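Data block for work.txt (compact mmCIF, C-alpha atoms):
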# COMPACT_ATOMS: atom_id res chain seq x y z
CA MET Y 1 118.98 85.66 107.01
CA ARG Y 2 119.41 89.11 108.49
CA PRO Y 3 121.97 90.93 110.64
CA THR Y 4 122.64 89.44 114.05
CA VAL Y 5 122.21 91.54 117.16
CA ALA Y 6 125.97 92.20 117.29
CA GLU Y 7 126.04 93.21 113.63
CA GLU Y 8 123.08 95.51 114.08
CA ARG Y 9 124.79 97.15 117.04
CA ALA Y 10 127.94 97.56 114.96
CA HIS Y 11 125.83 99.27 112.30
CA ALA Y 12 124.35 101.57 114.94
CA ILE Y 13 127.83 102.63 116.05
CA ALA Y 14 129.08 102.94 112.46
CA ASP Y 15 126.17 105.27 111.68
CA GLN Y 16 127.50 107.66 114.34
CA LEU Y 17 131.01 107.74 112.91
CA GLU Y 18 130.24 110.63 110.56
CA ASP Y 19 129.24 112.79 113.52
CA TRP Y 20 132.45 112.16 115.41
CA ASP Y 21 135.28 114.64 115.21
CA LEU Y 22 138.03 112.23 114.23
CA PRO Y 23 140.97 112.34 111.85
CA ALA Y 24 140.24 110.61 108.54
CA GLU Y 25 142.67 107.80 109.27
CA GLU Y 26 141.08 106.96 112.61
CA ARG Y 27 137.64 107.15 111.08
CA ARG Y 28 138.65 104.66 108.39
CA ALA Y 29 140.16 102.38 111.02
CA PHE Y 30 136.94 102.41 113.04
CA ALA Y 31 134.87 101.88 109.92
CA ALA Y 32 137.00 98.86 109.02
CA GLN Y 33 136.66 97.48 112.54
CA LEU Y 34 132.90 97.93 112.49
CA ALA Y 35 132.48 96.53 108.98
CA THR Y 36 130.09 93.61 108.66
CA ARG Y 37 129.25 91.28 105.82
CA TRP Y 38 126.26 93.46 104.87
CA ARG Y 39 126.30 96.14 102.20
CA ARG Y 40 124.71 99.31 103.47
CA ASN Y 41 124.40 102.89 102.32
CA SER Y 42 124.26 106.18 104.13
CA THR Y 43 120.78 107.56 104.75
CA PHE Y 44 120.90 110.01 101.84
CA VAL Y 45 122.11 107.45 99.30
CA ALA Y 46 119.67 104.83 100.63
CA LEU Y 47 116.81 107.32 100.17
CA ALA Y 48 117.85 107.90 96.56
CA PHE Y 49 117.92 104.15 95.88
CA PHE Y 50 114.61 103.74 97.69
CA GLY Y 51 112.97 106.43 95.54
CA LEU Y 52 114.27 105.00 92.29
CA THR Y 53 113.19 101.48 93.26
CA VAL Y 54 109.70 102.65 94.21
CA PHE Y 55 109.57 104.34 90.82
CA ALA Y 56 110.55 101.04 89.18
CA MET Y 57 107.89 99.23 91.24
CA PHE Y 58 105.14 101.50 89.92
CA ALA Y 59 106.33 100.83 86.39
CA LEU Y 60 106.50 97.08 87.05
CA VAL Y 61 102.94 96.98 88.40
CA ALA Y 62 101.66 99.04 85.46
CA LEU Y 63 103.51 96.77 83.03
CA CYS Y 64 102.16 93.58 84.63
CA LYS Y 65 98.62 94.93 84.54
CA SER Y 66 98.95 96.01 80.92
CA ILE Y 67 100.07 92.56 79.77
CA GLY Y 68 97.40 90.84 81.86
CA VAL Y 69 99.51 89.04 84.47
CA THR Y 70 98.04 90.93 87.47
CA GLU Y 71 99.71 92.65 90.41
CA PHE Y 72 100.44 89.32 92.09
CA THR Y 73 103.15 88.61 89.52
CA ALA Y 74 104.69 92.02 90.18
CA ALA Y 75 104.58 91.29 93.91
CA ALA Y 76 106.26 87.91 93.47
CA ILE Y 77 108.99 89.39 91.23
CA ALA Y 78 109.65 92.25 93.66
CA ILE Y 79 109.82 90.11 96.80
CA ALA Y 80 111.90 87.42 95.10
CA THR Y 81 114.34 90.07 93.84
CA GLY Y 82 114.48 91.63 97.30
CA GLU Y 83 115.25 88.26 98.89
CA TYR Y 84 117.89 87.55 96.25
CA MET Y 85 119.59 90.84 97.08
CA ILE Y 86 119.53 90.09 100.79
CA ARG Y 87 120.63 86.47 100.63
CA ARG Y 88 123.05 86.50 97.70
CA ARG Y 89 124.22 90.09 97.43
CA ARG Y 90 124.19 90.73 101.19
CA MET Y 91 122.34 94.00 100.77
CA TYR Y 92 120.65 95.19 103.93
CA GLY Y 93 120.08 98.90 104.38
CA SER Y 94 120.89 99.86 100.81
CA GLY Y 95 117.37 101.21 100.21
CA ILE Y 96 116.69 98.89 97.26
CA GLU Y 97 115.67 95.69 99.03
CA SER Y 98 113.42 97.48 101.52
CA ALA Y 99 111.63 99.28 98.66
CA LEU Y 100 111.19 95.96 96.84
CA TRP Y 101 109.77 94.28 99.93
CA ILE Y 102 107.23 96.96 100.82
CA GLY Y 103 106.48 97.60 97.13
CA GLY Y 104 105.86 93.90 96.59
CA LEU Y 105 103.54 93.58 99.57
CA LEU Y 106 101.57 96.69 98.59
CA ALA Y 107 101.35 95.44 94.99
CA PHE Y 108 99.93 92.18 96.35
CA ILE Y 109 97.30 94.12 98.32
CA ALA Y 110 96.51 96.22 95.23
CA GLY Y 111 95.72 92.99 93.39
CA LEU Y 112 93.13 91.90 95.95
CA PRO Y 113 89.46 92.65 95.25
CA SER Y 114 88.42 95.88 96.94
CA SER Y 115 85.31 95.90 99.12
CA GLY Y 116 85.87 99.30 100.72
CA ALA Y 117 85.80 97.76 104.21
CA ALA Y 118 87.81 99.37 106.98
CA GLU Y 119 89.60 96.06 107.50
CA ALA Y 120 91.71 96.91 104.44
CA LEU Y 121 93.60 99.25 106.75
CA LEU Y 122 94.59 96.26 108.87
CA VAL Y 123 95.82 94.45 105.77
CA VAL Y 124 98.04 97.43 104.89
CA ALA Y 125 99.19 97.59 108.52
CA ALA Y 126 100.09 93.89 108.35
CA ALA Y 127 102.09 94.52 105.16
CA PHE Y 128 104.10 97.25 106.85
CA GLY Y 129 104.51 95.04 109.91
CA ILE Y 130 105.90 92.17 107.84
CA ALA Y 131 108.22 94.52 105.93
CA ALA Y 132 109.36 96.06 109.23
CA TRP Y 133 110.17 92.66 110.68
CA ARG Y 134 111.98 91.46 107.56
CA MET Y 135 113.92 94.66 106.97
CA GLN Y 136 114.38 95.64 110.64
CA ASN Y 137 112.91 98.98 109.69
CA ALA Y 138 111.45 101.03 112.53
CA ILE Y 139 109.73 103.51 110.20
CA TYR Y 140 107.79 100.73 108.45
CA GLY Y 141 106.73 99.47 111.87
CA MET Y 142 105.53 102.89 112.91
CA ILE Y 143 103.56 103.31 109.68
CA GLY Y 144 101.96 99.93 110.37
CA VAL Y 145 100.96 101.07 113.84
CA LEU Y 146 99.53 104.27 112.36
CA PHE Y 147 97.37 102.25 109.96
CA THR Y 148 96.20 100.14 112.91
CA THR Y 149 95.16 103.20 114.88
CA THR Y 150 93.48 104.64 111.79
CA TYR Y 151 91.46 101.42 111.58
CA PHE Y 152 90.18 101.90 115.13
CA VAL Y 153 89.38 105.54 114.37
CA GLU Y 154 87.30 104.39 111.41
CA VAL Y 155 85.56 101.56 113.29
CA TRP Y 156 84.77 103.63 116.37
CA ARG Y 157 83.86 106.74 114.43
CA ALA Y 158 80.21 105.99 115.27
CA LEU Y 159 80.97 106.52 118.95
CA ALA Y 160 81.89 110.11 118.10
CA THR Y 161 83.82 110.51 121.33
CA THR Y 162 87.43 111.60 121.58
CA GLY Y 163 88.03 109.22 124.48
CA GLY Y 164 86.87 106.15 122.57
CA VAL Y 165 88.95 106.94 119.51
CA ALA Y 166 92.05 108.02 121.43
CA MET Y 167 92.02 104.94 123.65
CA VAL Y 168 94.05 102.67 121.33
CA PRO Y 169 96.84 105.12 120.41
CA LEU Y 170 97.19 106.21 124.03
CA ALA Y 171 97.44 102.58 125.13
CA LEU Y 172 100.06 101.99 122.44
CA ALA Y 173 102.04 105.00 123.67
CA VAL Y 174 102.08 103.56 127.21
CA ILE Y 175 103.06 100.14 125.85
CA ALA Y 176 105.90 101.76 123.92
CA ILE Y 177 107.18 103.56 127.03
CA VAL Y 178 107.14 100.31 129.00
CA ALA Y 179 108.66 98.39 126.09
CA LYS Y 180 111.57 100.84 125.97
CA ARG Y 181 112.54 99.39 129.34
CA TRP Y 182 111.94 95.71 128.69
CA ILE Y 183 112.15 95.03 124.93
CA PHE Y 184 115.36 96.54 123.72
CA SER Y 185 117.47 93.71 122.36
CA ARG Y 186 117.88 95.26 118.92
CA PRO Y 187 118.51 98.87 117.89
CA TRP Y 188 115.68 98.84 115.36
CA LEU Y 189 113.19 97.70 118.02
CA ASP Y 190 114.38 100.46 120.30
CA SER Y 191 113.89 102.98 117.48
CA PHE Y 192 110.46 101.52 116.75
CA TRP Y 193 109.27 101.97 120.33
CA SER Y 194 110.72 105.48 120.32
CA TYR Y 195 108.73 106.41 117.20
CA VAL Y 196 105.55 104.90 118.64
CA ALA Y 197 105.97 106.74 121.96
CA ILE Y 198 106.44 110.05 120.15
CA VAL Y 199 103.80 109.72 117.42
CA MET Y 200 100.92 107.98 119.22
CA PRO Y 201 99.90 110.91 121.49
CA LEU Y 202 99.64 113.04 118.34
CA ALA Y 203 97.66 110.29 116.60
CA ALA Y 204 95.30 110.12 119.57
CA GLU Y 205 94.69 113.86 119.57
CA ILE Y 206 94.28 114.20 115.81
CA GLY Y 207 92.07 111.10 115.59
CA GLY Y 208 89.88 112.29 118.44
CA ARG Y 209 89.51 115.77 116.99
CA GLY Y 210 88.84 114.39 113.53
CA VAL Y 211 86.00 112.21 114.76
CA THR Y 212 84.26 114.73 116.98
CA TYR Y 213 84.91 117.87 114.89
CA ASP Y 214 85.45 119.51 118.25
CA SER Y 215 88.06 122.24 118.70
CA ASN Y 216 87.24 122.97 122.34
CA GLY Y 217 89.62 121.94 125.09
CA HIS Y 218 88.62 119.37 127.67
CA LEU Y 219 90.01 119.20 131.18
CA GLU Y 220 89.80 115.40 131.36
CA PHE Y 221 91.88 115.01 128.21
CA ALA Y 222 94.38 117.59 129.43
CA ILE Y 223 94.80 115.57 132.63
CA THR Y 224 95.19 112.35 130.62
CA TYR Y 225 97.93 113.81 128.41
CA ALA Y 226 99.63 115.40 131.42
CA ILE Y 227 99.76 112.00 133.14
CA LEU Y 228 101.11 110.39 129.97
CA GLY Y 229 103.71 113.15 129.64
CA THR Y 230 104.75 112.71 133.27
CA ILE Y 231 105.13 108.94 132.79
CA ALA Y 232 107.24 109.53 129.66
CA LEU Y 233 109.33 112.18 131.44
CA LEU Y 234 110.05 109.97 134.45
CA ALA Y 235 110.81 106.98 132.23
CA GLY Y 236 113.07 109.14 130.05
CA LEU Y 237 114.99 110.43 133.05
CA HIS Y 238 115.25 106.95 134.53
CA LEU Y 239 116.41 105.32 131.29
CA ARG Y 240 118.37 108.38 130.11
CA ASP Y 241 116.48 108.13 126.84
CA HIS Y 242 116.11 111.20 124.64
CA ALA Y 243 113.18 109.78 122.67
CA LEU Y 244 111.04 109.45 125.79
CA LEU Y 245 111.82 113.04 126.73
CA ILE Y 246 110.63 114.11 123.26
CA ALA Y 247 107.50 112.00 123.78
CA ALA Y 248 106.95 113.80 127.09
CA GLY Y 249 107.33 117.15 125.31
CA VAL Y 250 104.73 116.12 122.73
CA SER Y 251 102.28 115.06 125.44
CA PHE Y 252 102.77 118.26 127.43
CA GLY Y 253 102.30 120.28 124.23
CA ILE Y 254 98.95 118.55 123.64
CA THR Y 255 98.06 119.20 127.28
CA ALA Y 256 98.68 122.90 126.72
CA PHE Y 257 96.53 122.78 123.60
CA GLU Y 258 93.69 121.09 125.49
CA LEU Y 259 93.87 123.79 128.15
CA HIS Y 260 93.95 126.66 125.66
CA ASP Y 261 90.32 127.71 125.99
CA LEU Y 262 89.68 126.62 129.56
CA VAL Y 263 91.27 129.82 130.86
CA ASP Y 264 89.31 132.88 129.83
CA THR Y 265 92.17 135.29 129.12
CA PRO Y 266 93.30 136.93 125.88
CA LEU Y 267 95.46 134.79 123.61
CA GLU Y 268 98.42 137.17 123.90
CA TRP Y 269 98.54 136.73 127.67
CA LYS Y 270 98.40 132.96 127.32
CA LEU Y 271 101.30 133.05 124.85
CA ILE Y 272 103.30 135.33 127.13
CA ALA Y 273 102.62 133.05 130.09
CA GLY Y 274 103.62 130.02 128.05
CA GLY Y 275 106.87 131.70 127.00
CA VAL Y 276 107.67 132.68 130.59
CA ILE Y 277 107.02 129.12 131.79
CA LEU Y 278 109.25 127.67 129.06
CA LEU Y 279 112.02 130.15 129.86
CA GLY Y 280 111.74 129.30 133.54
CA LEU Y 281 111.92 125.59 132.80
CA ALA Y 282 114.94 126.10 130.53
CA ALA Y 283 116.73 128.11 133.22
CA LEU Y 284 115.92 125.47 135.84
CA VAL Y 285 117.16 122.60 133.66
CA ALA Y 286 120.32 124.52 132.70
CA ARG Y 287 121.02 125.26 136.36
CA ARG Y 288 120.53 121.66 137.42
CA LEU Y 289 122.75 120.33 134.62
CA ARG Y 290 125.53 122.89 135.02
CA GLY Y 291 128.90 121.28 135.49
CA ARG Y 292 127.65 117.75 134.94
CA THR Y 293 129.84 115.49 132.85
CA ALA Y 294 127.86 112.26 133.07
CA GLY Y 295 124.27 111.26 132.39
CA PHE Y 296 122.27 114.16 130.97
CA VAL Y 297 124.50 117.10 130.20
CA ALA Y 298 123.64 120.56 128.90
CA THR Y 299 126.96 121.41 127.29
CA PRO Y 300 128.41 119.17 124.57
CA ALA Y 301 131.90 119.68 125.97
CA ARG Y 302 134.72 117.28 125.29
CA LEU Y 303 136.90 116.01 128.07
CA THR Y 304 139.57 114.81 125.68
CA ARG Y 305 140.12 114.65 121.95
CA TYR Y 306 139.52 110.94 122.14
CA ASP Y 307 136.15 110.84 123.92
CA GLU Y 308 134.53 108.87 121.13
CA LEU Y 309 137.52 106.56 120.91
CA ILE Y 310 137.22 105.81 124.60
CA LYS Y 311 133.52 105.05 124.22
CA LEU Y 312 134.12 102.82 121.23
CA GLY Y 313 136.99 101.03 122.93
CA GLY Y 314 134.87 100.45 126.01
CA THR Y 315 132.10 99.04 123.84
CA MET Y 316 134.43 96.64 122.11
CA VAL Y 317 136.03 95.45 125.34
CA ALA Y 318 132.68 95.04 127.08
CA GLY Y 319 131.28 93.14 124.13
CA GLN Y 320 134.24 90.78 124.02
CA ALA Y 321 134.21 90.25 127.76
CA MET Y 322 130.50 89.51 128.01
CA HIS Y 323 129.89 87.48 124.90
CA GLY Y 324 133.24 86.58 123.48
CA LYS Y 325 133.01 86.67 119.72
CA ALA Y 326 129.47 87.84 119.14
CA SER Y 327 129.28 86.92 115.51
CA GLU Y 328 131.52 84.90 113.30
CA PRO Y 329 132.16 86.48 109.93
CA GLU Y 330 131.99 84.31 106.90
CA PRO Y 331 135.30 83.00 105.59
CA GLY Y 332 136.99 85.51 103.38
CA VAL Y 333 134.71 88.33 104.44
CA THR Y 334 135.72 91.11 106.75
CA GLY Y 335 133.16 90.74 109.52
CA THR Y 336 132.19 92.18 112.80
CA THR Y 337 134.41 90.83 115.49
CA GLY Y 338 132.56 91.51 118.66
CA GLY Y 339 129.93 94.11 119.19
CA GLY Y 340 128.86 95.75 122.34
CA ASP Y 341 126.07 95.35 124.71
CA SER Y 342 126.11 98.90 125.84
CA PHE Y 343 127.50 102.11 124.56
CA GLY Y 344 126.77 105.75 124.82
CA GLY Y 345 127.21 108.30 127.51
CA ALA Y 346 126.63 112.01 127.86
CA GLY Y 347 122.93 111.37 127.72
CA ALA Y 348 122.90 108.77 124.97
CA THR Y 349 121.57 105.39 125.84
CA GLY Y 350 123.22 102.33 124.51
CA ASP Y 351 121.13 99.69 126.21
CA TYR Y 352 119.06 97.84 123.73
CA MET V 1 124.59 124.58 100.55
CA PHE V 2 124.56 127.24 97.83
CA GLU V 3 125.51 124.72 95.14
CA HIS V 4 122.86 122.26 96.29
CA THR V 5 120.13 124.90 96.24
CA ALA V 6 121.23 126.23 92.86
CA ILE V 7 121.36 122.83 91.15
CA THR V 8 118.03 121.79 92.68
CA LEU V 9 116.34 124.96 91.42
CA ALA V 10 117.90 124.44 87.99
CA PHE V 11 116.69 120.84 87.83
CA TRP V 12 113.19 121.82 88.93
CA GLY V 13 113.05 124.49 86.24
CA ALA V 14 114.17 122.00 83.62
CA LEU V 15 111.63 119.43 84.85
CA ILE V 16 108.83 122.00 84.59
CA LEU V 17 109.89 122.58 80.99
CA ALA V 18 109.92 118.81 80.40
CA ALA V 19 106.42 118.45 81.84
CA ASN V 20 105.05 121.21 79.60
CA GLY V 21 103.71 119.88 76.29
CA GLU V 22 105.22 122.59 74.10
CA THR V 23 108.67 122.56 75.69
CA ALA V 24 108.94 118.87 76.56
CA THR V 25 111.85 118.00 74.29
CA ILE V 26 113.92 121.05 75.15
CA GLY V 27 113.15 120.42 78.82
CA VAL V 28 114.49 116.87 78.63
CA LEU V 29 117.61 118.06 76.83
CA VAL V 30 118.22 120.79 79.40
CA THR V 31 117.74 118.29 82.24
CA LEU V 32 120.16 115.81 80.68
CA THR V 33 122.73 118.58 80.07
CA LEU V 34 122.39 119.69 83.68
CA GLY V 35 122.72 116.06 84.72
CA ALA V 36 125.97 115.71 82.78
CA LEU V 37 127.37 118.89 84.32
CA SER V 38 126.25 117.81 87.78
CA THR V 39 127.96 114.42 87.33
CA VAL V 40 131.23 116.06 86.28
CA TYR V 41 131.00 118.39 89.28
CA ALA V 42 130.28 115.41 91.57
CA PHE V 43 133.43 113.57 90.52
CA ARG V 44 135.61 116.69 90.54
CA THR V 45 134.58 117.79 94.01
CA ASN V 46 133.98 114.28 95.38
CA ALA V 47 130.41 115.28 96.30
CA GLU V 48 128.21 112.27 95.69
CA ALA V 49 124.97 114.16 96.26
CA PHE V 50 125.33 115.86 92.87
CA LEU V 51 125.53 112.48 91.19
CA LEU V 52 122.30 111.47 92.93
CA TYR V 53 120.62 114.64 91.71
CA ALA V 54 121.78 113.95 88.15
CA VAL V 55 120.51 110.38 88.11
CA ILE V 56 117.17 111.02 89.82
CA TYR V 57 116.21 114.14 87.89
CA GLY V 58 117.55 112.71 84.62
CA THR V 59 115.47 109.56 85.05
CA LEU V 60 112.39 111.60 85.88
CA ALA V 61 112.81 113.82 82.83
CA VAL V 62 113.30 110.89 80.45
CA ASP V 63 110.28 109.08 81.85
CA ILE V 64 108.09 112.18 81.64
CA TRP V 65 109.08 112.49 78.00
CA VAL V 66 108.44 108.77 77.38
CA TRP V 67 104.95 108.94 78.88
CA ARG V 68 104.20 111.90 76.60
CA ALA V 69 105.73 110.40 73.48
CA PHE V 70 104.35 106.85 73.74
CA SER V 71 100.69 106.45 74.48
CA GLY V 72 100.52 102.65 74.54
CA PRO V 73 99.65 100.92 77.82
CA THR V 74 102.65 98.58 77.67
CA LEU V 75 105.54 100.45 76.10
CA SER V 76 105.59 103.40 78.52
CA PRO V 77 105.73 101.28 81.70
CA PHE V 78 108.29 99.00 80.06
CA ILE V 79 110.62 101.89 79.18
CA THR V 80 110.07 103.44 82.62
CA LEU V 81 110.98 100.14 84.25
CA VAL V 82 114.10 99.80 82.11
CA THR V 83 115.24 103.37 82.80
CA ALA V 84 114.63 103.00 86.54
CA ILE V 85 116.58 99.73 86.68
CA ALA V 86 119.36 101.26 84.59
CA ALA V 87 119.44 104.24 86.96
CA VAL V 88 119.71 101.95 90.01
CA ILE V 89 122.50 99.89 88.41
CA GLY V 90 124.36 103.00 87.21
CA LEU V 91 124.04 104.63 90.59
CA THR V 92 125.27 101.47 92.32
CA MET V 93 128.38 101.37 90.13
CA ALA V 94 129.05 105.08 90.60
CA HIS V 95 128.52 104.73 94.35
CA ARG V 96 131.12 101.95 94.50
CA ARG V 97 133.54 104.13 92.59
CA PHE V 98 132.99 106.96 95.05
CA ARG V 99 133.59 104.64 97.99
CA SER V 100 136.76 103.25 96.46
CA ARG V 101 138.02 106.81 95.94
CA ALA V 102 137.23 107.65 99.54
CA VAL V 103 139.31 104.76 100.95
Can the structure in the file be given as structure tokens, please?
Amino acid sequence: MRPTVAEERAHAIADQLEDWDLPAEERRAFAAQLATRWRRNSTFVALAFFGLTVFAMFALVALCKSIGVTEFTAAAIAIATGEYMIRRRRMYGSGIESALWIGGLLAFIAGLPSSGAAEALLVVAAAFGIAAWRMQNAIYGMIGVLFTTTYFVEVWRALATTGGVAMVPLALAVIAIVAKRWIFSRPWLDSFWSYVAIVMPLAAEIGGRGVTYDSNGHLEFAITYAILGTIALLAGLHLRDHALLIAAGVSFGITAFELHDLVDTPLEWKLIAGGVILLGLAALVARRLRGRTAGFVATPARLTRYDELIKLGGTMVAGQAMHGKASEPEPGVTGTTGGGDSFGGAGATGDY
Amino acid sequence: MFEHTAITLAFWGALILAANGETATIGVLVTLTLGALSTVYAFRTNAEAFLLYAVIYGTLAVDIWVWRAFSGPTLSPFITLVTAIAAVIGLTMAHRRFRSRAV
């Protein structure tokens, strides 16, 4: 019991409505058309509910411990309440049920006997992975991946080599870049791979530095990150995906950091050279994108007042044409009638 | 933005008072008063964020006071749990009211 692909895509479009310059009446009409059977909140409200629920979870765990019924009871109560809210109250994306799920799983782990072994990191990673799958939450998934990489940093700490420690996060970054092309059926999976592609190069660098206590640059690592950045850049241009371009920027930034002490010139000159290179790149990109109205564009210009309407209409029509009625709403509930397979434009990708 | 910054600073000041042993009670009262004012402002200006501030900071202040006032291992978590659940339910109801006003 969770949103279908069509419903999730409708949510993804609905989340963009606030950013669109539309009259209030049109906005309400779109919102009604994109409404699904699920109760969701905006990001800010969901964060408030999430924080309050986490607060309640701490109190619940403390209460259960104080009356001698262990953390497992708190975990069972939290997960059961979360499932009740999803299945009966149709809450998905309200902030409450996701806090109950992750809080319940972490309470369960807190109740396990502690041995201090590094494998505990994998248990926490599994908890975040399960919560990510159940709640379709890309951030939980990314935190799970971070715990997994931290586990390998801990286990291979004895190697004391940056290459050994950075191997897993770098491999995960490459997997994420490839997965952006092939595993994109749901918006949350697409977001998950985006987060992994952006964060993993940083995790590799920080993990490697942390293990070796080495602040010197290394040419071989600079080349590695430059190759990774180039792969991300080419994939981002090919897929018209902003996240991969950000991932490329992160990798090139780390490359610059790795090269910082390989050139024996004063720091000021390096900074000046870096600034000149960035300015040159910006001018080149602006020149190449000048006048473009499709694909990547440099100017957020509007062709008509109804650009977003045209995109949304195209999405709806394409969705209906390709899949017919993508999801049947429950009787008596205003549901999603359709859903698109592709949307976006002006640099945004809609292929999931 | 000015209103958000001002109310956040005011709430933080009140919370610091609430966390201080000598000024705990006055701090809680100031926080709750600010919460009431923030709630009124939220409904008058249709700005839901101020309601969120009121509920979150109000709950925090009450729970800080509870943990100071009751030293037992069971009562403090119990009251904290009740206040947090009450805050979630109250916020849910207020959120629905805001959404119905927006339509």
Inset, instruction - Select all residues from chain Y having any atom no more than 6 Å from an atom of chain V (counting only C-alpha atoms, ignoring ligands), output as a list in words. - result: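 Putting it all together, I get Ala56, Ala59, Ala62, Leu63 and Ser66 of chain Y.
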Legend entry - Atom-to-atom span, atom CA of V:Thr5 and atom CA of Y:Ala24, Å: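 Atom CA of Y:Ala24 lies at a distance of 27.6 Å from atom CA of V:Thr5.
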Inset, instruction - State, in Å with one decimal place, the distance from atom CA of Y:Lys180 to atom CA of Y:Trp193. - result: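 Calculated distance between atom CA of Y:Lys180 and atom CA of Y:Trp193 is 6.2 Å.
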Legend entry - Straight-line distance linking atom CA of Y:Val5 with atom CA of Y:Tyr195, stated in Å to one decimal: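 Value for the atom CA of Y:Val5-atom CA of Y:Tyr195 distance: 20.1 Å.
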Legend entry - Surrounding residues of V:Ala6 excluding itself and chain neighbours under 4 positions, 12 Å, all atoms listed in the file, as a list in words: Met1, Phe2, Ala10, Phe11, Trp12, Gly13, Leu34, Ser38, Phe50 and Tyr53 of chain V
Inset, instruction - Choose the residue, out of V:Met93, V:Ala18, V:Leu37, V:Ile26, that has the smallest atom-to-atom separation from V:Ala54; count all atoms listed in the file. - result: V:Leu37
